[in-house]
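Trainee: I have a structure I would like to understand better, so I am pasting it below and will then ask my questions one at a time.
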Amino acid sequence: MIGAGPVGLHAAFYAGLRGLSVRLLEAQPEIGGQLSALYPDKVVYDWPGLPAIRAAEIVAALAAQLAPFNPEFRFGEVAQQLTQTPQGWTVTTQKDSYPARALIVAAGLGALLPRGVQLSGVHPDVRTLPPDPQTLEGQRVLIVGGVPQAVEAALKLSASGARVSLTHRRALFRGSPAQLAQLQSLRESGQLHIYAPAELSRLDATGAWLDRGDEPQHVAAATVVVLNGHLPELTPLQSWPLGWQGEYIPADAAQRTVLPGVFVAGDLSLAGGDFKLLSVGLAQAALAANHAVHFVRPDQKAKPGHSSDRRLP
């Protein structure tokens with residue numbers, strides 16, 4: 001699977017249900033795609049069967065459904081090259097190469113990469129991805145940003161023992177009600193410092209200077225984490241010979257592309273057109289995965305039958 005968003009996760013579930021081993025390549029450090037990176041705190045009203053559900057809860061449910069099949073996740077890797085082999089295909093990322101008998105492209109709008117930031121001054125440790133909390137225990141960390149990932153990173157780092165400061169150019173932060181309540185509790189107890197509204201003025205060797213409308217304020221930090229949202233990047237995939245039509249990959253009724261054993265589902269599929277809906281992506285994921293099963297194992301029918309007739313792990 002290229003992409004571990006909701007469509008990739010659902011396709012992986014069907015492949016696992018039918019007995020195939022599954023590997024998911026994901027540019028982000030976590031599953032969920034746009035739901036996790038862009039709006040985990042937003043309420044989704046068109047998820048099948050549920051009047052309302054938070055995006056983060058959708059991701060958690062999809063992960064729980066997939067877990068019994070022991071999928072392999074490769075995070076922080078962007079699919080770059082596609083090479084045909086006698087056994088099928090090899091996908092090469094910036095870190096490694098992975099063989100596959102079949103491939104499902106479920107990359108959404110593209111790899112969600114951190115927005116570039118222009119910072120004045122120099123600091124020895126500036127990051128644009130949430131760090132592993134265990135590696136920064138006891139250290140001073142400044143997190144810059146108001147997106148949900150900034151709030152989540154602040155809470156996780158604080159819980160791991162880091163001394164966290166959080167700043168944003170606005171006074172409001174985005175996150176779930178529970179996360180925002182926890183953030184306020186940590187602030188009131190003095191376990192986490194918040195500087196907002198404030199503009200990041202410049203960095204220096206020991207931290208950052210913030211402009212709060214009066215005198216500049218220096219915040220000491222061994223690590224500065226700038227979380228400024230994401231931008232989709234399709235360029236690597238568009239070099240693959242998939243007969244691209246603009247930002248879409250053509251596919252037949254089974255979600256097969258022009259390359260044997262390569263399928264597409266979700267926002268990149270021309271079959272869905274401008275209907276970038278979760279329900280459309282889920283249906284395409286089911287079609288792509290089950291036809292991929294038949295491609296890999298011709299003795300198995302493409303039609304999956306009813307899951308209620310199976311005994312799951």
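Every chain in the structure tokens has a letter given in the order shown (A, B, ...), and although residue numbers restart at 1 in each chain, ligands are simply numbered from 1 in the order shown.
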Just want the 12 Å neighbourhood of Gly243 in chain A, counted on only C-alpha atoms, with same-chain residues fewer than 2 positions away dropped. Output as a list of chain:residue names.

Mentor: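 Close residues of Gly243 in chain A: A:Leu237, A:Gln238, A:Ser239, A:Trp240, A:Pro241, A:Gln245, A:Gly246, A:Glu247, A:Tyr248, A:Ile249, A:Pro250, A:Ala251, A:Arg256, A:Thr257, A:Val258, A:Leu259, A:Ser269, A:Leu270.
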
Trainee: Within 9 Å of range 145-162 of chain A, which residues of range 211-284 of chain A come that close, and what is the closest atom pair and distance in Å for each? Count only C-alpha atoms and give it as a tab-separated table.

Mentor:
residue	atom	partner	partner_atom	distance
A:Val225	CA	A:Ala150	CA	8.6
A:Val226	CA	A:Gly145	CA	6.3
A:Leu227	CA	A:Gly145	CA	5.2
A:Asn228	CA	A:Gly145	CA	5.8
A:Gly229	CA	A:Val147	CA	6.6

Trainee: Please save N, CA and C atoms of the selected residues as a PDB file, in the first residue's frame.

Mentor:
ATOM      1  N   VAL A 225      10.921  22.647  17.806  1.00  0.00           N
ATOM      2  CA  VAL A 225      10.087  21.863  16.884  1.00  0.00           C
ATOM      3  C   VAL A 225       9.074  22.809  16.248  1.00  0.00           C
ATOM      4  N   VAL A 226       9.185  23.012  14.935  1.00  0.00           N
ATOM      5  CA  VAL A 226       8.283  23.906  14.209  1.00  0.00           C
ATOM      6  C   VAL A 226       7.281  23.046  13.448  1.00  0.00           C
ATOM      7  N   LEU A 227       6.022  23.086  13.873  1.00  0.00           N
ATOM      8  CA  LEU A 227       4.954  22.302  13.243  1.00  0.00           C
ATOM      9  C   LEU A 227       3.994  23.274  12.582  1.00  0.00           C
ATOM     10  N   ASN A 228       4.135  23.383  11.274  1.00  0.00           N
ATOM     11  CA  ASN A 228       3.453  24.440  10.517  1.00  0.00           C
ATOM     12  C   ASN A 228       2.463  23.869   9.507  1.00  0.00           C
ATOM     13  N   GLY A 229       1.961  22.666   9.772  1.00  0.00           N
ATOM     14  CA  GLY A 229       1.041  22.063   8.821  1.00  0.00           C
ATOM     15  C   GLY A 229       1.768  21.319   7.711  1.00  0.00           C
TER      16      GLY A 229
END

Trainee: Which is closer to Lys42 in chain A than all the others in A:Pro304, A:Gly175, A:Pro232, A:Gly281, using only C-alpha atoms?

Mentor: A:Gly175

Trainee: Just the residues within 9 Å of Leu119 in chain A, please, counting only C-alpha atoms, with nothing from its chain fewer than 6 positions along; format it as a list in words.

Mentor: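 Surrounding residues, per the criterion: Leu200, Ser201, Arg202 and Leu203 of chain A.
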
Trainee: I want to know what sits within 12 Å of range 290-302 of chain A, based on only C-alpha atoms, with residues of the same chain fewer than 6 positions away left out; could you give that as a ChimeraX atom specification?

Mentor: /A:1,10-22,87-89,100-105,252-257,260-265,283-284

Trainee: For the residues in the current selection, export N, CA and C atoms as an mmCIF file, in the first residue's frame.

Mentor:
data_model
loop_
_atom_site.group_PDB
_atom_site.id
_atom_site.type_symbol
_atom_site.label_atom_id
_atom_site.label_comp_id
_atom_site.auth_asym_id
_atom_site.auth_seq_id
_atom_site.Cartn_x
_atom_site.Cartn_y
_atom_site.Cartn_z
ATOM 1 N N MET A 1 0.845 -1.184 0.000
ATOM 2 C CA MET A 1 0.000 0.000 0.000
ATOM 3 C C MET A 1 0.888 1.245 0.000
ATOM 4 N N HIS A 10 -8.083 0.565 4.922
ATOM 5 C CA HIS A 10 -9.218 -0.300 4.597
ATOM 6 C C HIS A 10 -8.832 -1.321 3.528
ATOM 7 N N ALA A 11 -8.037 -0.907 2.555
ATOM 8 C CA ALA A 11 -7.563 -1.856 1.546
ATOM 9 C C ALA A 11 -6.670 -2.910 2.190
ATOM 10 N N ALA A 12 -5.824 -2.497 3.123
ATOM 11 C CA ALA A 12 -4.950 -3.446 3.816
ATOM 12 C C ALA A 12 -5.772 -4.451 4.612
ATOM 13 N N PHE A 13 -6.868 -3.984 5.213
ATOM 14 C CA PHE A 13 -7.749 -4.898 5.955
ATOM 15 C C PHE A 13 -8.276 -5.999 5.038
ATOM 16 N N TYR A 14 -8.774 -5.623 3.866
ATOM 17 C CA TYR A 14 -9.327 -6.631 2.960
ATOM 18 C C TYR A 14 -8.251 -7.591 2.480
ATOM 19 N N ALA A 15 -7.053 -7.076 2.198
ATOM 20 C CA ALA A 15 -5.969 -7.960 1.769
ATOM 21 C C ALA A 15 -5.587 -8.916 2.893
ATOM 22 N N GLY A 16 -5.529 -8.400 4.114
ATOM 23 C CA GLY A 16 -5.228 -9.265 5.247
ATOM 24 C C GLY A 16 -6.321 -10.282 5.505
ATOM 25 N N LEU A 17 -7.555 -9.850 5.363
ATOM 26 C CA LEU A 17 -8.697 -10.751 5.545
ATOM 27 C C LEU A 17 -8.641 -11.924 4.578
ATOM 28 N N ARG A 18 -8.112 -11.668 3.377
ATOM 29 C CA ARG A 18 -8.035 -12.713 2.346
ATOM 30 C C ARG A 18 -6.726 -13.508 2.434
ATOM 31 N N GLY A 19 -5.882 -13.215 3.447
ATOM 32 C CA GLY A 19 -4.702 -14.052 3.669
ATOM 33 C C GLY A 19 -3.402 -13.539 3.103
ATOM 34 N N LEU A 20 -3.382 -12.326 2.570
ATOM 35 C CA LEU A 20 -2.145 -11.769 2.039
ATOM 36 C C LEU A 20 -1.389 -11.005 3.123
ATOM 37 N N SER A 21 -0.074 -11.005 3.026
ATOM 38 C CA SER A 21 0.727 -10.146 3.896
ATOM 39 C C SER A 21 0.733 -8.741 3.307
ATOM 40 N N VAL A 22 0.775 -7.736 4.180
ATOM 41 C CA VAL A 22 0.598 -6.355 3.745
ATOM 42 C C VAL A 22 1.684 -5.468 4.339
ATOM 43 N N GLN A 87 8.978 -11.000 -10.406
ATOM 44 C CA GLN A 87 8.027 -11.385 -9.359
ATOM 45 C C GLN A 87 6.895 -10.375 -9.179
ATOM 46 N N GLY A 88 7.009 -9.207 -9.786
ATOM 47 C CA GLY A 88 5.992 -8.184 -9.615
ATOM 48 C C GLY A 88 6.579 -6.788 -9.708
ATOM 49 N N TRP A 89 6.723 -6.145 -8.541
ATOM 50 C CA TRP A 89 7.199 -4.768 -8.531
ATOM 51 C C TRP A 89 8.116 -4.530 -7.333
ATOM 52 N N ALA A 100 6.958 -6.391 -4.023
ATOM 53 C CA ALA A 100 5.529 -6.657 -3.838
ATOM 54 C C ALA A 100 5.003 -7.379 -5.063
ATOM 55 N N ARG A 101 4.108 -8.333 -4.831
ATOM 56 C CA ARG A 101 3.449 -9.010 -5.933
ATOM 57 C C ARG A 101 2.405 -8.100 -6.575
ATOM 58 N N ALA A 102 1.773 -7.267 -5.750
ATOM 59 C CA ALA A 102 0.781 -6.307 -6.239
ATOM 60 C C ALA A 102 0.916 -5.034 -5.419
ATOM 61 N N LEU A 103 0.361 -3.974 -5.969
ATOM 62 C CA LEU A 103 0.552 -2.652 -5.376
ATOM 63 C C LEU A 103 -0.760 -1.880 -5.451
ATOM 64 N N ILE A 104 -1.135 -1.227 -4.349
ATOM 65 C CA ILE A 104 -2.308 -0.355 -4.347
ATOM 66 C C ILE A 104 -1.855 1.054 -3.998
ATOM 67 N N VAL A 105 -2.094 1.977 -4.910
ATOM 68 C CA VAL A 105 -1.727 3.376 -4.690
ATOM 69 C C VAL A 105 -2.912 4.060 -4.009
ATOM 70 N N ASP A 252 -9.912 0.989 -14.275
ATOM 71 C CA ASP A 252 -11.145 0.360 -14.748
ATOM 72 C C ASP A 252 -12.077 0.096 -13.564
ATOM 73 N N ALA A 253 -13.130 -0.671 -13.796
ATOM 74 C CA ALA A 253 -14.134 -0.907 -12.756
ATOM 75 C C ALA A 253 -13.577 -1.680 -11.566
ATOM 76 N N ALA A 254 -12.455 -2.374 -11.766
ATOM 77 C CA ALA A 254 -11.821 -3.121 -10.683
ATOM 78 C C ALA A 254 -10.704 -2.326 -10.021
ATOM 79 N N GLN A 255 -10.577 -1.058 -10.410
ATOM 80 C CA GLN A 255 -9.515 -0.173 -9.904
ATOM 81 C C GLN A 255 -8.129 -0.588 -10.388
ATOM 82 N N ARG A 256 -8.084 -1.336 -11.499
ATOM 83 C CA ARG A 256 -6.807 -1.687 -12.129
ATOM 84 C C ARG A 256 -6.288 -0.518 -12.943
ATOM 85 N N THR A 257 -4.991 -0.243 -12.850
ATOM 86 C CA THR A 257 -4.364 0.781 -13.679
ATOM 87 C C THR A 257 -3.827 0.129 -14.955
ATOM 88 N N PRO A 260 0.166 -3.940 -14.908
ATOM 89 C CA PRO A 260 -0.356 -5.185 -14.331
ATOM 90 C C PRO A 260 -0.004 -5.293 -12.846
ATOM 91 N N GLY A 261 -1.023 -5.560 -12.040
ATOM 92 C CA GLY A 261 -0.794 -5.717 -10.614
ATOM 93 C C GLY A 261 -0.724 -4.423 -9.840
ATOM 94 N N VAL A 262 -0.964 -3.300 -10.507
ATOM 95 C CA VAL A 262 -0.956 -2.002 -9.828
ATOM 96 C C VAL A 262 -2.379 -1.452 -9.842
ATOM 97 N N PHE A 263 -2.895 -1.153 -8.670
ATOM 98 C CA PHE A 263 -4.259 -0.677 -8.495
ATOM 99 C C PHE A 263 -4.235 0.704 -7.847
ATOM 100 N N VAL A 264 -5.360 1.390 -7.906
ATOM 101 C CA VAL A 264 -5.448 2.719 -7.301
ATOM 102 C C VAL A 264 -6.789 2.835 -6.585
ATOM 103 N N ALA A 265 -6.805 3.587 -5.497
ATOM 104 C CA ALA A 265 -8.047 3.809 -4.755
ATOM 105 C C ALA A 265 -7.954 5.148 -4.038
ATOM 106 N N ALA A 283 -15.073 2.267 -0.836
ATOM 107 C CA ALA A 283 -15.568 1.331 -1.845
ATOM 108 C C ALA A 283 -14.461 0.966 -2.837
ATOM 109 N N GLN A 284 -13.691 1.968 -3.269
ATOM 110 C CA GLN A 284 -12.593 1.698 -4.195
ATOM 111 C C GLN A 284 -11.519 0.837 -3.537
#

Trainee: List the spatial neighbours of Ala111 in chain A as a list of chain:residue names - criterion: any atom at most 7 Å away, only C-alpha atoms, same-chain residues fewer than 4 positions off excluded.

Mentor: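 With the cut-off at 7 Å, the set is A:Ala27, A:Val78, A:Ala107, A:Pro232, A:Glu233, A:Leu234.
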
Trainee: Just the residues within 7 Å of Gly3 in chain A, please, counting only C-alpha atoms, with nothing from its chain fewer than 6 positions along; format it as a PDB file with N, CA, C and O atoms, in the first residue's frame.

Mentor:
ATOM      1  N   LEU A  24       2.614  -1.252   4.400  1.00  0.00           N
ATOM      2  CA  LEU A  24       2.117   0.086   4.089  1.00  0.00           C
ATOM      3  C   LEU A  24       3.250   1.088   4.206  1.00  0.00           C
ATOM      4  O   LEU A  24       3.914   1.167   5.254  1.00  0.00           O
ATOM      5  N   LEU A  25       3.481   1.845   3.137  1.00  0.00           N
ATOM      6  CA  LEU A  25       4.484   2.907   3.135  1.00  0.00           C
ATOM      7  C   LEU A  25       3.775   4.231   3.388  1.00  0.00           C
ATOM      8  O   LEU A  25       2.827   4.584   2.680  1.00  0.00           O
ATOM      9  N   GLU A  26       4.236   4.985   4.368  1.00  0.00           N
ATOM     10  CA  GLU A  26       3.564   6.218   4.775  1.00  0.00           C
ATOM     11  C   GLU A  26       4.588   7.321   5.002  1.00  0.00           C
ATOM     12  O   GLU A  26       5.559   7.145   5.738  1.00  0.00           O
ATOM     13  N   ALA A 106      -2.736   4.376  -2.739  1.00  0.00           N
ATOM     14  CA  ALA A 106      -3.786   5.018  -1.946  1.00  0.00           C
ATOM     15  C   ALA A 106      -3.177   6.222  -1.242  1.00  0.00           C
ATOM     16  O   ALA A 106      -3.265   6.367  -0.020  1.00  0.00           O
ATOM     17  N   ALA A 107      -2.561   7.083  -2.032  1.00  0.00           N
ATOM     18  CA  ALA A 107      -1.755   8.175  -1.481  1.00  0.00           C
ATOM     19  C   ALA A 107      -2.535   9.472  -1.284  1.00  0.00           C
ATOM     20  O   ALA A 107      -1.928  10.531  -1.047  1.00  0.00           O
TER      21      ALA A 107
END

Trainee: Tell me which protein, DNA and RNA residues are within 8 Å of range 32-37 of chain A, counting only C-alpha atoms, leaving out same-chain ones fewer than 4 positions away, and put them as a list in words.

Mentor: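 The residues satisfying every condition are Gly3, Ala4, Gly5, Pro6, Gln28, Ala55, Ala56, Val59, Gly108, Leu112, Pro148, Gln149, Gly229 and His230 of chain A.
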
Trainee: What is the distance between CA of Gln134 in chain A and CA of Ala208 in chain A, in Å to one decimal?

Mentor: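 Value for the CA of Gln134 in chain A-CA of Ala208 in chain A distance: 22.8 Å.
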
Trainee: Which one is closest to Leu166 in chain A: A:Leu142, A:Val219, A:Leu109, A:Ala271? Count only C-alpha atoms.

Mentor: A:Leu142
